[in-house]
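Heads up: the structure comes next, in structure tokens.
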Amino acid sequence: MSDGIVKVILACDESGAKGYADQREQYAGEVGVFAGILVPEQLLATTEIALEAAIAPYRGKTDKLHIADLPADDKPILRARVYETIGQLQLTCFWYAIHVEGYHRHFQQMNEMIARSFGQIVPETAAPVLSRDEKHSLHAELFRGLYSHLVCFIEENAPGEIEIEVRTDHVERPIAKYFRRVAEHLLNFEPRIEVISGYDRTNQRVVKRTLRFQSIWPDGLRPSTKVTSLEIKRVSNADPVVVAADVLANGLNYHFRTRAEATRYADLNRPNALIGHPLAERFDVFRNWGGPDICDQLFRHPNRQPASD
């Protein structure tokens, strides 16, 4: 990335689990994963042409071109063609993954803590009332992680003002709106006010309390990146870069699903998690990855062995 880039496109898609935190894993070590391809605006046309050439032979085989819907014999060929093209173009790729069971356990613990705290400030007969957003969407949490990595990459390579266009498959409008809110919160350092509510069964009334949150950054660590324009763009499968992101996400989900027993519950968001993946080098984007990933810690799988810490 050079200093001259003022706009980038992040094409992304998800694979695996994407439900809410009240859902349990369907098989041991199940994950949800989001993958993204970063394309500088001035290279977009070249990238689209090259990726379209890679995927064109597979258009028309399904109603919507998703690698998961292709015949089994076609999947490895399409995957190899897309990987080769990404390597040739030297595109920067991102991913973010979360264990379903770890996500479920974390929010189960958080809800219990909130209920206990809530009981200290309202009548014991009041129970917290959670909206759908407050149930916590794994889909949105995965996007938060992916977008955070994009911003960190920009901060490390070319901090300053930048325009971001996020392209994703035709997700539901409320989800796209929620993605925007997640992204905007990341670099919003102003105090945030949230209202929690509970229903007092004895007095048959709703009880509300206001919570105030604020991020305080140590000197020298406050990000200097400023997103001057953010567009969450829902596109069809005619977009070859988003189709390529679908192929990436599908391949990553397979990679995690087939990990050996010894690493099945290990961290998901560090370079060593992608050892053996054909595009591991394109995903290893940071000069300094820092310490353990926060979500790998918060949402660690209950069966994770101490040796993977």
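Order determines the names: the first chain of the structure tokens is A, the second B, and so forth; residues in each chain are numbered 1 upward, and ligands are numbered 1 upward as they are shown.
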
- request: Pick out the residues sitting within 8 Å of region 222-234 of chain A, and hand them over as a PyMOL selection string; count only C-alpha atoms, and ignore anything fewer than 3 positions along from it in its own chain.
  value: chain A and resi 151+154-155+159-171+176-177+179-180+187+217-219

Could the residues in this selection be saved with C-alpha atoms as a CSV table (one decimal), in the first residue's frame?
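Final output, out-v6.csv:
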```
chain,number,residue,atom,x,y,z
A,151,VAL,CA,-8.0,-0.8,9.9
A,154,ILE,CA,-4.0,0.6,7.1
A,155,GLU,CA,-2.7,2.1,10.4
A,159,PRO,CA,-2.2,5.9,8.4
A,160,GLY,CA,-4.3,8.9,7.6
A,161,GLU,CA,-7.5,9.6,5.8
A,162,ILE,CA,-9.0,6.8,3.7
A,163,GLU,CA,-12.2,5.8,2.0
A,164,ILE,CA,-13.4,2.2,2.3
A,165,GLU,CA,-15.9,0.4,0.2
A,166,VAL,CA,-16.9,-3.0,1.7
A,167,ARG,CA,-18.5,-5.3,-0.9
A,168,THR,CA,-20.3,-8.3,0.3
A,169,ASP,CA,-22.8,-10.9,-1.0
A,170,HIS,CA,-26.4,-9.9,-1.1
A,171,VAL,CA,-26.9,-10.0,2.7
A,176,ALA,CA,-25.7,-4.7,6.2
A,177,LYS,CA,-26.9,-1.8,8.4
A,179,PHE,CA,-22.2,-4.1,9.7
A,180,ARG,CA,-22.0,-0.3,9.2
A,187,LEU,CA,-13.0,4.4,15.4
A,217,TRP,CA,-6.3,5.5,24.7
A,218,PRO,CA,-2.8,5.8,26.2
A,219,ASP,CA,-0.6,8.5,24.7
```

- request: Determine which residues of region 48-295 of chain A receive a DSSP assignment of alpha helix (DSSP H), computed from the backbone, and state them as a ChimeraX atom specification.
  value: /A:48-55,75-89,100-121,138-157,173-186,240-257,280-283,294-295

message: Which residues are close to region 248-261 of chain A, i.e. within 9 Å by only C-alpha atoms, leaving aside same-chain residues fewer than 2 positions away? Reply as a PyMOL selection string.
response: chain A and resi 12-16+28-37+67-68+79+82-83+93+95+97+243-246+263-265+268+273-274+276-277

- prompt: By how many Å are CA of Tyr27 (chain A) and CA of Val100 (chain A) apart?
  reply: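 CA of Val100 (chain A) lies at a distance of 9.6 Å from CA of Tyr27 (chain A).
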
task: Would you please extract all strand (DSSP E) residues from region 81-252 of chain A, as assigned by DSSP on the backbone, and give them as a PyMOL selection string?
output: chain A and resi 92-99+126-128+161-168+192-200+205-213+226-234
